[in-house]
file work_30.txt (compact mmCIF, C-alpha atoms)
# COMPACT_ATOMS: atom_id res chain seq x y z
CA MET L 211 0.00 0.00 0.00
CA THR L 212 1.29 3.44 -0.86
CA THR L 213 1.49 6.13 1.79
CA MET L 214 -1.27 8.01 0.00
CA GLY L 215 -3.41 4.88 -0.09
CA PHE L 216 -2.82 4.36 3.62
CA PHE L 217 -4.00 7.85 4.46
CA LYS L 218 -6.90 7.54 2.05
CA ASN L 219 -8.02 4.40 3.87
CA LEU L 220 -7.31 5.86 7.27
CA PHE L 221 -9.53 8.87 6.64
CA GLY L 222 -12.09 7.06 4.55
CA LYS L 223 -12.76 7.53 0.88
CA LYS L 224 -13.09 11.19 0.10
CA ALA L 225 -16.75 11.75 -0.73
CA PRO L 226 -17.85 14.83 -2.68
CA VAL L 227 -19.20 17.60 -0.48
CA GLY L 228 -22.58 18.94 -1.43
CA LEU L 229 -26.28 18.32 -1.48
CA HIS L 230 -27.43 14.82 -0.66
CA ALA L 231 -30.26 13.02 -2.41
CA PRO L 232 -33.53 14.14 -0.78
CA MET L 233 -35.19 10.78 -1.44
CA ALA L 234 -34.18 7.17 -2.07
CA GLY L 235 -34.49 6.12 -5.69
CA LYS L 236 -32.72 6.69 -8.97
CA ALA L 237 -30.97 10.01 -9.56
CA VAL L 238 -31.44 11.26 -13.12
CA ALA L 239 -30.38 14.35 -15.06
CA ILE L 240 -32.73 17.32 -14.73
CA THR L 241 -32.96 17.38 -18.53
CA GLU L 242 -34.74 14.01 -18.37
CA VAL L 243 -37.70 15.42 -16.42
CA PRO L 244 -40.77 15.36 -18.72
CA ASP L 245 -41.73 18.94 -17.84
CA PRO L 246 -40.02 21.84 -19.62
CA THR L 247 -40.18 24.06 -16.52
CA PHE L 248 -37.61 21.76 -14.94
CA ALA L 249 -35.91 20.24 -18.00
CA GLU L 250 -35.11 23.69 -19.39
CA LYS L 251 -33.75 24.70 -15.97
CA MET L 252 -36.20 27.59 -15.69
CA LEU L 253 -36.22 27.12 -11.91
CA GLY L 254 -32.49 26.46 -11.74
CA ASP L 255 -30.05 23.61 -12.47
CA GLY L 256 -30.24 20.38 -10.53
CA ILE L 257 -31.20 16.73 -10.62
CA ALA L 258 -34.32 14.62 -10.23
CA ILE L 259 -35.06 11.50 -8.23
CA GLU L 260 -37.32 8.71 -9.43
CA PRO L 261 -38.32 7.81 -5.88
CA THR L 262 -38.81 4.35 -4.42
CA ASP L 263 -40.02 5.77 -1.11
CA GLY L 264 -42.12 8.83 -0.32
CA LYS L 265 -40.02 10.28 2.49
CA VAL L 266 -38.27 13.56 1.63
CA TYR L 267 -35.18 14.50 3.64
CA ALA L 268 -33.10 17.65 3.96
CA PRO L 269 -30.22 17.54 1.42
CA CYS L 270 -27.97 19.60 3.72
CA ASP L 271 -28.06 21.70 6.86
CA ALA L 272 -30.42 24.53 6.00
CA THR L 273 -33.22 26.86 6.98
CA VAL L 274 -36.68 26.03 5.66
CA ASP L 275 -37.60 28.94 3.46
CA MET L 276 -41.17 27.90 2.78
CA VAL L 277 -43.42 24.89 2.63
CA PHE L 278 -46.08 25.40 -0.02
CA ASP L 279 -49.48 25.17 1.65
CA THR L 280 -50.21 22.38 -0.82
CA ARG L 281 -47.21 20.59 0.79
CA HIS L 282 -45.97 19.32 -2.60
CA ALA L 283 -42.79 21.36 -2.53
CA VAL L 284 -40.37 22.83 -0.06
CA SER L 285 -37.69 25.45 -0.43
CA LEU L 286 -34.58 25.69 1.72
CA THR L 287 -31.64 28.04 2.05
CA SER L 288 -28.40 26.30 2.97
CA ALA L 289 -25.83 27.72 5.32
CA LYS L 290 -23.67 28.38 2.22
CA GLY L 291 -26.45 30.34 0.53
CA GLU L 292 -27.70 27.73 -1.91
CA GLU L 293 -31.41 28.24 -2.60
CA ILE L 294 -32.88 24.77 -2.98
CA LEU L 295 -36.31 23.75 -4.26
CA ILE L 296 -37.55 20.18 -3.90
CA HIS L 297 -40.72 19.60 -5.91
CA VAL L 298 -42.36 16.22 -5.21
CA GLY L 299 -43.84 14.86 -8.42
CA LEU L 300 -45.00 16.82 -11.46
CA GLU L 301 -48.23 18.85 -11.56
CA THR L 302 -48.78 17.82 -7.93
CA VAL L 303 -49.78 21.38 -6.97
CA GLY L 304 -53.25 20.39 -8.25
CA LEU L 305 -53.62 17.68 -5.58
CA ASN L 306 -54.13 20.38 -2.96
CA GLY L 307 -51.99 18.66 -0.38
CA ALA L 308 -53.99 15.43 -0.07
CA PRO L 309 -51.13 12.91 -0.50
CA PHE L 310 -48.59 14.99 1.44
CA THR L 311 -47.63 15.41 5.08
CA ALA L 312 -45.29 18.22 6.14
CA HIS L 313 -42.93 17.65 9.06
CA VAL L 314 -41.35 21.12 9.02
CA ALA L 315 -42.51 24.71 8.63
CA ALA L 316 -41.01 27.94 7.30
CA GLY L 317 -38.20 29.19 9.51
CA ASP L 318 -37.22 25.77 10.90
CA GLU L 319 -33.51 24.96 11.07
CA VAL L 320 -32.94 21.47 9.71
CA LYS L 321 -29.98 19.09 9.58
CA GLN L 322 -28.96 17.02 6.56
CA GLY L 323 -31.07 13.84 6.58
CA GLN L 324 -33.92 15.31 8.63
CA LEU L 325 -37.41 14.34 7.46
CA LEU L 326 -39.12 17.28 5.69
CA LEU L 327 -42.16 15.84 3.93
CA GLU L 328 -43.84 12.54 3.31
CA ALA L 329 -45.63 11.78 0.07
CA ASP L 330 -47.98 8.91 -0.70
CA LEU L 331 -46.41 7.87 -4.00
CA ASP L 332 -49.22 5.41 -4.79
CA ALA L 333 -51.81 8.17 -4.39
CA ILE L 334 -49.81 10.44 -6.73
CA ARG L 335 -49.61 7.66 -9.32
CA ALA L 336 -53.32 6.88 -8.82
CA ALA L 337 -54.05 10.52 -9.71
CA GLY L 338 -52.27 9.88 -13.01
CA LEU L 339 -49.23 11.98 -12.10
CA ASN L 340 -45.51 11.34 -12.31
CA THR L 341 -43.70 10.95 -8.97
CA ILE L 342 -40.34 12.12 -10.35
CA THR L 343 -39.01 14.69 -7.90
CA PRO L 344 -36.74 17.49 -9.14
CA MET L 345 -34.32 19.14 -6.72
CA VAL L 346 -32.98 22.35 -8.18
CA VAL L 347 -30.71 25.12 -6.95
CA CYS L 348 -32.58 28.31 -7.87
CA ASN L 349 -29.39 30.36 -7.77
CA SER L 350 -27.27 27.80 -9.65
CA ASP L 351 -26.09 30.65 -11.91
CA ASP L 352 -24.30 32.12 -8.88
CA CYS L 353 -22.57 28.83 -8.03
CA PRO L 354 -18.88 28.77 -9.00
CA ASP L 355 -18.56 25.05 -9.83
CA PHE L 356 -21.96 23.39 -10.29
CA LYS L 357 -21.84 19.61 -10.78
CA THR L 358 -24.43 16.85 -10.63
CA PHE L 359 -24.02 13.14 -9.99
CA THR L 360 -26.79 11.13 -11.63
CA GLY L 361 -27.53 7.91 -13.46
CA LYS L 362 -27.44 5.69 -10.38
CA ASP L 363 -29.52 4.47 -7.47
CA VAL L 364 -29.11 6.72 -4.45
CA THR L 365 -30.04 7.08 -0.82
CA THR L 366 -29.78 10.13 1.39
CA ASP L 367 -26.14 9.11 2.02
CA ASP L 368 -25.23 10.02 -1.56
CA VAL L 369 -24.22 13.49 -2.74
CA VAL L 370 -26.04 14.35 -5.97
CA ILE L 371 -25.08 18.02 -6.43
CA SER L 372 -21.96 19.99 -5.62
CA THR L 373 -22.09 23.74 -6.15
CA GLY L 374 -18.57 24.92 -5.35
CA LYS L 375 -20.05 27.31 -2.80
CA MET A 201 -40.93 54.61 -12.26
CA LYS A 202 -43.77 52.58 -13.77
CA GLU A 203 -46.36 50.79 -11.71
CA PHE A 204 -49.28 48.53 -12.51
CA LYS A 205 -51.60 46.15 -10.69
CA HIS A 206 -52.60 42.61 -11.51
CA VAL A 207 -55.14 40.39 -9.76
CA ILE A 208 -54.15 36.71 -9.87
CA SER A 209 -56.69 34.69 -11.81
CA ASP A 210 -54.86 31.33 -11.84
CA PRO A 211 -56.75 29.07 -9.38
CA LEU A 212 -53.43 27.59 -8.23
CA GLY A 213 -51.89 31.00 -7.49
CA MET A 214 -48.19 31.73 -7.99
CA HIS A 215 -46.73 28.23 -7.60
CA ALA A 216 -43.32 27.14 -8.86
CA ARG A 217 -43.98 27.21 -12.61
CA PRO A 218 -45.51 30.68 -12.95
CA ALA A 219 -42.90 32.04 -10.54
CA GLY A 220 -40.16 30.57 -12.72
CA MET A 221 -41.76 31.98 -15.85
CA LEU A 222 -42.03 35.41 -14.24
CA VAL A 223 -38.32 35.36 -13.36
CA LYS A 224 -37.54 34.44 -16.96
CA ALA A 225 -39.72 37.29 -18.22
CA ALA A 226 -38.16 39.81 -15.82
CA ALA A 227 -34.52 38.74 -16.08
CA PRO A 228 -33.65 40.35 -19.46
CA PHE A 229 -34.48 43.86 -18.21
CA ALA A 230 -32.00 46.14 -16.51
CA SER A 231 -34.75 47.81 -14.46
CA LYS A 232 -35.36 46.92 -10.85
CA ILE A 233 -38.69 45.05 -10.80
CA THR A 234 -40.54 44.57 -7.54
CA VAL A 235 -43.70 42.58 -6.90
CA THR A 236 -45.75 43.48 -3.84
CA ALA A 237 -48.51 41.16 -2.63
CA PRO A 238 -50.57 41.38 0.58
CA THR A 239 -48.10 38.78 1.90
CA GLY A 240 -44.89 40.72 1.21
CA THR A 241 -42.57 42.18 -1.39
CA ALA A 242 -40.23 40.32 -3.74
CA ASP A 243 -37.61 41.07 -6.37
CA ALA A 244 -39.17 39.69 -9.57
CA LYS A 245 -35.78 38.32 -10.63
CA ARG A 246 -35.47 36.12 -7.55
CA LEU A 247 -37.42 32.87 -7.70
CA MET A 248 -37.28 32.02 -4.01
CA ALA A 249 -38.53 35.46 -3.03
CA LEU A 250 -41.46 35.19 -5.45
CA MET A 251 -42.44 31.75 -4.18
CA ARG A 252 -42.22 33.01 -0.61
CA LEU A 253 -45.08 35.43 -1.40
CA ALA A 254 -47.37 32.38 -1.66
CA ALA A 255 -49.66 34.63 -3.69
CA LYS A 256 -53.10 33.15 -4.22
CA GLN A 257 -55.92 33.51 -6.70
CA GLY A 258 -57.74 36.80 -6.10
CA MET A 259 -54.74 38.55 -4.52
CA GLU A 260 -53.74 41.86 -6.04
CA LEU A 261 -50.10 42.25 -7.02
CA THR A 262 -48.52 45.66 -7.47
CA VAL A 263 -45.57 45.60 -9.83
CA THR A 264 -43.12 48.52 -9.81
CA VAL A 265 -40.46 48.90 -12.47
CA GLU A 266 -37.64 51.39 -12.17
CA GLY A 267 -34.76 51.84 -14.59
CA ALA A 268 -33.65 52.72 -18.09
CA ASP A 269 -35.93 50.17 -19.79
CA GLU A 270 -38.91 50.58 -17.45
CA GLU A 271 -41.42 51.40 -20.20
CA LYS A 272 -40.74 48.24 -22.16
CA ALA A 273 -40.32 46.07 -19.05
CA ALA A 274 -43.61 47.20 -17.51
CA ALA A 275 -45.49 46.63 -20.77
CA GLU A 276 -44.03 43.16 -21.27
CA LEU A 277 -44.55 42.07 -17.67
CA GLU A 278 -48.12 43.29 -17.63
CA ALA A 279 -48.80 41.29 -20.80
CA PHE A 280 -47.03 38.28 -19.28
CA LEU A 281 -49.09 38.37 -16.08
CA THR A 282 -52.34 38.84 -17.96
CA ALA A 283 -51.54 35.82 -20.13
CA ASN A 284 -50.09 33.53 -17.45
CA LEU A 285 -51.29 34.36 -13.97

call {"tool": "encode", "arguments": {"input": "work_30.txt", "output": "structure tokens"}}
result
Amino acid sequence: MTTMGFFKNLFGKKAPVGLHAPMAGKAVAITEVPDPTFAEKMLGDGIAIEPTDGKVYAPCDATVDMVFDTRHAVSLTSAKGEEILIHVGLETVGLNGAPFTAHVAAGDEVKQGQLLLEADLDAIRAAGLNTITPMVVCNSDDCPDFKTFTGKDVTTDDVVISTGK
Amino acid sequence: MKEFKHVISDPLGMHARPAGMLVKAAAPFASKITVTAPTGTADAKRLMALMRLAAKQGMELTVTVEGADEEKAAAELEAFLTANL
């Protein structure tokens, strides 16, 4: 083993620092979301999760900026100033909150991995809607080195976005 | 300074998509564009601020535009809001 390898093992594999997946599932490129509002990055650059579970967790330590009263989306501001929007499913604003439970409110300080929302994915699908969940950084244009990590199955342990902030 | 009012007619109010579209409509202008709702005031070029207004159907928005291109910006934004919100 090389000295470098020894230290690498000693300190653990260096994981990218950034925003963790907000849900378990498959992380896909934002351009694959079948909704131009997200795919064309109108709300900012990011990723999307094809979720296998309806629990939505904080991607980083942050302040809850707002929970839509329809509970289908939450916005957060990270300690580094990233403005993050997690939008559970597409067109889900029209469900008026029915399949969603909010566990946080505007102004709450949250830690990475803390439960934010729960969504009943079966109910969303039963309504004929797509459960794909975009997570975008609204101020991605202000981020010095924006990168995404997609095309794989993820849990909340995995970093899916690094912003360079 | 130019100012106009718009009452939200979209039954879903200013959710993520119309807020994003409004930012896109406002961004090309040099003027400072401010949206005031009964719930607060937001810079029309900042998505998070607009969403924070949580502006609902029936709420009156006051849009103020101040800068070199205020005439054109106010006209385009008024047309945008009439068509989309």

call {"tool": "interface_residues", "arguments": {"input": "work_30.txt", "of": "chain A", "to": "chain L", "cutoff": "12 Å", "atoms": "only C-alpha atoms", "output": "PyMOL selection string"}}
result
chain A and resi 210-225+227+245-256

call {"tool": "atom_distance", "arguments": {"input": "work_30.txt", "atom1": "atom CA of A:Leu285", "atom2": "atom CA of A:Ser209"}}
result
5.8 Å

call {"tool": "residues_around", "arguments": {"input": "work_30.txt", "residues": "stretch 263-265 of chain A", "least_positions_apart": "5", "cutoff": "10 Å", "atoms": "all atoms listed in the file", "output": "PyMOL selection string"}}
result
chain A and resi 201-206+226+229-237+241-244+270-275+277-278

call {"tool": "atom_distance", "arguments": {"input": "work_30.txt", "atom1": "atom CA of L:Arg281", "atom2": "atom CA of L:Pro244"}}
result
21.2 Å

call {"tool": "atom_distance", "arguments": {"input": "work_30.txt", "atom1": "atom CA of L:Asp263", "atom2": "atom CA of L:Ile371"}}
result
20.0 Å

call {"tool": "closest_residue", "arguments": {"input": "work_30.txt", "among": "L:Ile257, L:Val243, L:Val364, L:Val346", "to": "L:Val284", "atoms": "only C-alpha atoms"}}
result
L:Val346

call {"tool": "decode", "arguments": {"input": "work_30.txt", "residues": "stretch 224-375 of chain L", "atoms": "C-alpha atoms", "output": "PDB file, in the first residue's frame"}}
result
ATOM      1  CA  LYS L 224     -13.093  11.187   0.104  1.00  0.00           C
ATOM      2  CA  ALA L 225     -16.751  11.752  -0.725  1.00  0.00           C
ATOM      3  CA  PRO L 226     -17.850  14.828  -2.679  1.00  0.00           C
ATOM      4  CA  VAL L 227     -19.199  17.598  -0.478  1.00  0.00           C
ATOM      5  CA  GLY L 228     -22.579  18.942  -1.431  1.00  0.00           C
ATOM      6  CA  LEU L 229     -26.283  18.319  -1.477  1.00  0.00           C
ATOM      7  CA  HIS L 230     -27.429  14.820  -0.662  1.00  0.00           C
ATOM      8  CA  ALA L 231     -30.265  13.024  -2.412  1.00  0.00           C
ATOM      9  CA  PRO L 232     -33.533  14.144  -0.780  1.00  0.00           C
ATOM     10  CA  MET L 233     -35.189  10.780  -1.440  1.00  0.00           C
ATOM     11  CA  ALA L 234     -34.182   7.175  -2.071  1.00  0.00           C
ATOM     12  CA  GLY L 235     -34.487   6.122  -5.685  1.00  0.00           C
ATOM     13  CA  LYS L 236     -32.721   6.688  -8.973  1.00  0.00           C
ATOM     14  CA  ALA L 237     -30.972  10.011  -9.560  1.00  0.00           C
ATOM     15  CA  VAL L 238     -31.435  11.258 -13.124  1.00  0.00           C
ATOM     16  CA  ALA L 239     -30.382  14.351 -15.058  1.00  0.00           C
ATOM     17  CA  ILE L 240     -32.732  17.318 -14.728  1.00  0.00           C
ATOM     18  CA  THR L 241     -32.959  17.378 -18.529  1.00  0.00           C
ATOM     19  CA  GLU L 242     -34.745  14.006 -18.371  1.00  0.00           C
ATOM     20  CA  VAL L 243     -37.703  15.422 -16.416  1.00  0.00           C
ATOM     21  CA  PRO L 244     -40.766  15.360 -18.722  1.00  0.00           C
ATOM     22  CA  ASP L 245     -41.729  18.939 -17.836  1.00  0.00           C
ATOM     23  CA  PRO L 246     -40.024  21.842 -19.618  1.00  0.00           C
ATOM     24  CA  THR L 247     -40.175  24.061 -16.522  1.00  0.00           C
ATOM     25  CA  PHE L 248     -37.612  21.758 -14.938  1.00  0.00           C
ATOM     26  CA  ALA L 249     -35.906  20.237 -18.002  1.00  0.00           C
ATOM     27  CA  GLU L 250     -35.110  23.693 -19.395  1.00  0.00           C
ATOM     28  CA  LYS L 251     -33.751  24.700 -15.967  1.00  0.00           C
ATOM     29  CA  MET L 252     -36.202  27.592 -15.687  1.00  0.00           C
ATOM     30  CA  LEU L 253     -36.217  27.119 -11.906  1.00  0.00           C
ATOM     31  CA  GLY L 254     -32.488  26.456 -11.740  1.00  0.00           C
ATOM     32  CA  ASP L 255     -30.049  23.611 -12.467  1.00  0.00           C
ATOM     33  CA  GLY L 256     -30.239  20.382 -10.527  1.00  0.00           C
ATOM     34  CA  ILE L 257     -31.205  16.731 -10.620  1.00  0.00           C
ATOM     35  CA  ALA L 258     -34.319  14.620 -10.226  1.00  0.00           C
ATOM     36  CA  ILE L 259     -35.065  11.502  -8.232  1.00  0.00           C
ATOM     37  CA  GLU L 260     -37.323   8.712  -9.429  1.00  0.00           C
ATOM     38  CA  PRO L 261     -38.317   7.808  -5.875  1.00  0.00           C
ATOM     39  CA  THR L 262     -38.809   4.353  -4.424  1.00  0.00           C
ATOM     40  CA  ASP L 263     -40.020   5.768  -1.108  1.00  0.00           C
ATOM     41  CA  GLY L 264     -42.121   8.825  -0.315  1.00  0.00           C
ATOM     42  CA  LYS L 265     -40.017  10.284   2.486  1.00  0.00           C
ATOM     43  CA  VAL L 266     -38.266  13.556   1.628  1.00  0.00           C
ATOM     44  CA  TYR L 267     -35.179  14.498   3.640  1.00  0.00           C
ATOM     45  CA  ALA L 268     -33.097  17.649   3.957  1.00  0.00           C
ATOM     46  CA  PRO L 269     -30.215  17.538   1.422  1.00  0.00           C
ATOM     47  CA  CYS L 270     -27.974  19.600   3.719  1.00  0.00           C
ATOM     48  CA  ASP L 271     -28.062  21.697   6.863  1.00  0.00           C
ATOM     49  CA  ALA L 272     -30.423  24.534   6.004  1.00  0.00           C
ATOM     50  CA  THR L 273     -33.223  26.861   6.981  1.00  0.00           C
ATOM     51  CA  VAL L 274     -36.682  26.027   5.658  1.00  0.00           C
ATOM     52  CA  ASP L 275     -37.599  28.938   3.457  1.00  0.00           C
ATOM     53  CA  MET L 276     -41.166  27.902   2.780  1.00  0.00           C
ATOM     54  CA  VAL L 277     -43.425  24.888   2.629  1.00  0.00           C
ATOM     55  CA  PHE L 278     -46.076  25.399  -0.023  1.00  0.00           C
ATOM     56  CA  ASP L 279     -49.482  25.169   1.645  1.00  0.00           C
ATOM     57  CA  THR L 280     -50.213  22.378  -0.818  1.00  0.00           C
ATOM     58  CA  ARG L 281     -47.208  20.589   0.788  1.00  0.00           C
ATOM     59  CA  HIS L 282     -45.969  19.322  -2.599  1.00  0.00           C
ATOM     60  CA  ALA L 283     -42.794  21.361  -2.534  1.00  0.00           C
ATOM     61  CA  VAL L 284     -40.373  22.828  -0.055  1.00  0.00           C
ATOM     62  CA  SER L 285     -37.690  25.447  -0.431  1.00  0.00           C
ATOM     63  CA  LEU L 286     -34.581  25.691   1.719  1.00  0.00           C
ATOM     64  CA  THR L 287     -31.639  28.036   2.049  1.00  0.00           C
ATOM     65  CA  SER L 288     -28.402  26.299   2.973  1.00  0.00           C
ATOM     66  CA  ALA L 289     -25.831  27.721   5.324  1.00  0.00           C
ATOM     67  CA  LYS L 290     -23.675  28.380   2.224  1.00  0.00           C
ATOM     68  CA  GLY L 291     -26.450  30.339   0.530  1.00  0.00           C
ATOM     69  CA  GLU L 292     -27.702  27.726  -1.911  1.00  0.00           C
ATOM     70  CA  GLU L 293     -31.415  28.238  -2.604  1.00  0.00           C
ATOM     71  CA  ILE L 294     -32.878  24.770  -2.984  1.00  0.00           C
ATOM     72  CA  LEU L 295     -36.305  23.753  -4.265  1.00  0.00           C
ATOM     73  CA  ILE L 296     -37.550  20.179  -3.904  1.00  0.00           C
ATOM     74  CA  HIS L 297     -40.723  19.601  -5.912  1.00  0.00           C
ATOM     75  CA  VAL L 298     -42.363  16.220  -5.214  1.00  0.00           C
ATOM     76  CA  GLY L 299     -43.840  14.858  -8.422  1.00  0.00           C
ATOM     77  CA  LEU L 300     -45.001  16.816 -11.459  1.00  0.00           C
ATOM     78  CA  GLU L 301     -48.232  18.848 -11.558  1.00  0.00           C
ATOM     79  CA  THR L 302     -48.781  17.823  -7.929  1.00  0.00           C
ATOM     80  CA  VAL L 303     -49.781  21.378  -6.972  1.00  0.00           C
ATOM     81  CA  GLY L 304     -53.249  20.389  -8.248  1.00  0.00           C
ATOM     82  CA  LEU L 305     -53.623  17.677  -5.582  1.00  0.00           C
ATOM     83  CA  ASN L 306     -54.126  20.382  -2.959  1.00  0.00           C
ATOM     84  CA  GLY L 307     -51.991  18.660  -0.379  1.00  0.00           C
ATOM     85  CA  ALA L 308     -53.988  15.434  -0.068  1.00  0.00           C
ATOM     86  CA  PRO L 309     -51.129  12.909  -0.504  1.00  0.00           C
ATOM     87  CA  PHE L 310     -48.591  14.993   1.437  1.00  0.00           C
ATOM     88  CA  THR L 311     -47.628  15.410   5.075  1.00  0.00           C
ATOM     89  CA  ALA L 312     -45.291  18.220   6.136  1.00  0.00           C
ATOM     90  CA  HIS L 313     -42.929  17.651   9.056  1.00  0.00           C
ATOM     91  CA  VAL L 314     -41.348  21.120   9.017  1.00  0.00           C
ATOM     92  CA  ALA L 315     -42.509  24.714   8.631  1.00  0.00           C
ATOM     93  CA  ALA L 316     -41.009  27.936   7.296  1.00  0.00           C
ATOM     94  CA  GLY L 317     -38.199  29.194   9.508  1.00  0.00           C
ATOM     95  CA  ASP L 318     -37.225  25.770  10.897  1.00  0.00           C
ATOM     96  CA  GLU L 319     -33.509  24.964  11.068  1.00  0.00           C
ATOM     97  CA  VAL L 320     -32.942  21.471   9.705  1.00  0.00           C
ATOM     98  CA  LYS L 321     -29.983  19.091   9.576  1.00  0.00           C
ATOM     99  CA  GLN L 322     -28.964  17.017   6.555  1.00  0.00           C
ATOM    100  CA  GLY L 323     -31.069  13.836   6.584  1.00  0.00           C
ATOM    101  CA  GLN L 324     -33.918  15.314   8.630  1.00  0.00           C
ATOM    102  CA  LEU L 325     -37.414  14.343   7.457  1.00  0.00           C
ATOM    103  CA  LEU L 326     -39.117  17.279   5.689  1.00  0.00           C
ATOM    104  CA  LEU L 327     -42.163  15.844   3.934  1.00  0.00           C
ATOM    105  CA  GLU L 328     -43.839  12.540   3.309  1.00  0.00           C
ATOM    106  CA  ALA L 329     -45.628  11.778   0.071  1.00  0.00           C
ATOM    107  CA  ASP L 330     -47.978   8.912  -0.701  1.00  0.00           C
ATOM    108  CA  LEU L 331     -46.409   7.872  -4.001  1.00  0.00           C
ATOM    109  CA  ASP L 332     -49.222   5.412  -4.793  1.00  0.00           C
ATOM    110  CA  ALA L 333     -51.806   8.174  -4.387  1.00  0.00           C
ATOM    111  CA  ILE L 334     -49.814  10.441  -6.733  1.00  0.00           C
ATOM    112  CA  ARG L 335     -49.613   7.660  -9.321  1.00  0.00           C
ATOM    113  CA  ALA L 336     -53.319   6.881  -8.818  1.00  0.00           C
ATOM    114  CA  ALA L 337     -54.045  10.516  -9.712  1.00  0.00           C
ATOM    115  CA  GLY L 338     -52.268   9.876 -13.011  1.00  0.00           C
ATOM    116  CA  LEU L 339     -49.235  11.980 -12.105  1.00  0.00           C
ATOM    117  CA  ASN L 340     -45.511  11.338 -12.312  1.00  0.00           C
ATOM    118  CA  THR L 341     -43.699  10.946  -8.966  1.00  0.00           C
ATOM    119  CA  ILE L 342     -40.342  12.119 -10.351  1.00  0.00           C
ATOM    120  CA  THR L 343     -39.006  14.694  -7.901  1.00  0.00           C
ATOM    121  CA  PRO L 344     -36.742  17.492  -9.138  1.00  0.00           C
ATOM    122  CA  MET L 345     -34.316  19.137  -6.721  1.00  0.00           C
ATOM    123  CA  VAL L 346     -32.977  22.355  -8.178  1.00  0.00           C
ATOM    124  CA  VAL L 347     -30.707  25.124  -6.950  1.00  0.00           C
ATOM    125  CA  CYS L 348     -32.583  28.309  -7.866  1.00  0.00           C
ATOM    126  CA  ASN L 349     -29.388  30.363  -7.768  1.00  0.00           C
ATOM    127  CA  SER L 350     -27.273  27.796  -9.647  1.00  0.00           C
ATOM    128  CA  ASP L 351     -26.089  30.650 -11.908  1.00  0.00           C
ATOM    129  CA  ASP L 352     -24.301  32.119  -8.876  1.00  0.00           C
ATOM    130  CA  CYS L 353     -22.566  28.828  -8.026  1.00  0.00           C
ATOM    131  CA  PRO L 354     -18.883  28.767  -9.000  1.00  0.00           C
ATOM    132  CA  ASP L 355     -18.559  25.050  -9.827  1.00  0.00           C
ATOM    133  CA  PHE L 356     -21.956  23.389 -10.294  1.00  0.00           C
ATOM    134  CA  LYS L 357     -21.835  19.607 -10.776  1.00  0.00           C
ATOM    135  CA  THR L 358     -24.427  16.855 -10.628  1.00  0.00           C
ATOM    136  CA  PHE L 359     -24.016  13.139  -9.987  1.00  0.00           C
ATOM    137  CA  THR L 360     -26.790  11.130 -11.630  1.00  0.00           C
ATOM    138  CA  GLY L 361     -27.533   7.908 -13.456  1.00  0.00           C
ATOM    139  CA  LYS L 362     -27.441   5.693 -10.381  1.00  0.00           C
ATOM    140  CA  ASP L 363     -29.522   4.469  -7.471  1.00  0.00           C
ATOM    141  CA  VAL L 364     -29.109   6.722  -4.452  1.00  0.00           C
ATOM    142  CA  THR L 365     -30.040   7.075  -0.818  1.00  0.00           C
ATOM    143  CA  THR L 366     -29.779  10.131   1.395  1.00  0.00           C
ATOM    144  CA  ASP L 367     -26.144   9.109   2.019  1.00  0.00           C
ATOM    145  CA  ASP L 368     -25.234  10.023  -1.564  1.00  0.00           C
ATOM    146  CA  VAL L 369     -24.224  13.491  -2.744  1.00  0.00           C
ATOM    147  CA  VAL L 370     -26.043  14.354  -5.975  1.00  0.00           C
ATOM    148  CA  ILE L 371     -25.083  18.022  -6.430  1.00  0.00           C
ATOM    149  CA  SER L 372     -21.964  19.994  -5.622  1.00  0.00           C
ATOM    150  CA  THR L 373     -22.086  23.741  -6.152  1.00  0.00           C
ATOM    151  CA  GLY L 374     -18.565  24.919  -5.349  1.00  0.00           C
ATOM    152  CA  LYS L 375     -20.054  27.315  -2.800  1.00  0.00           C
TER     153      LYS L 375
END
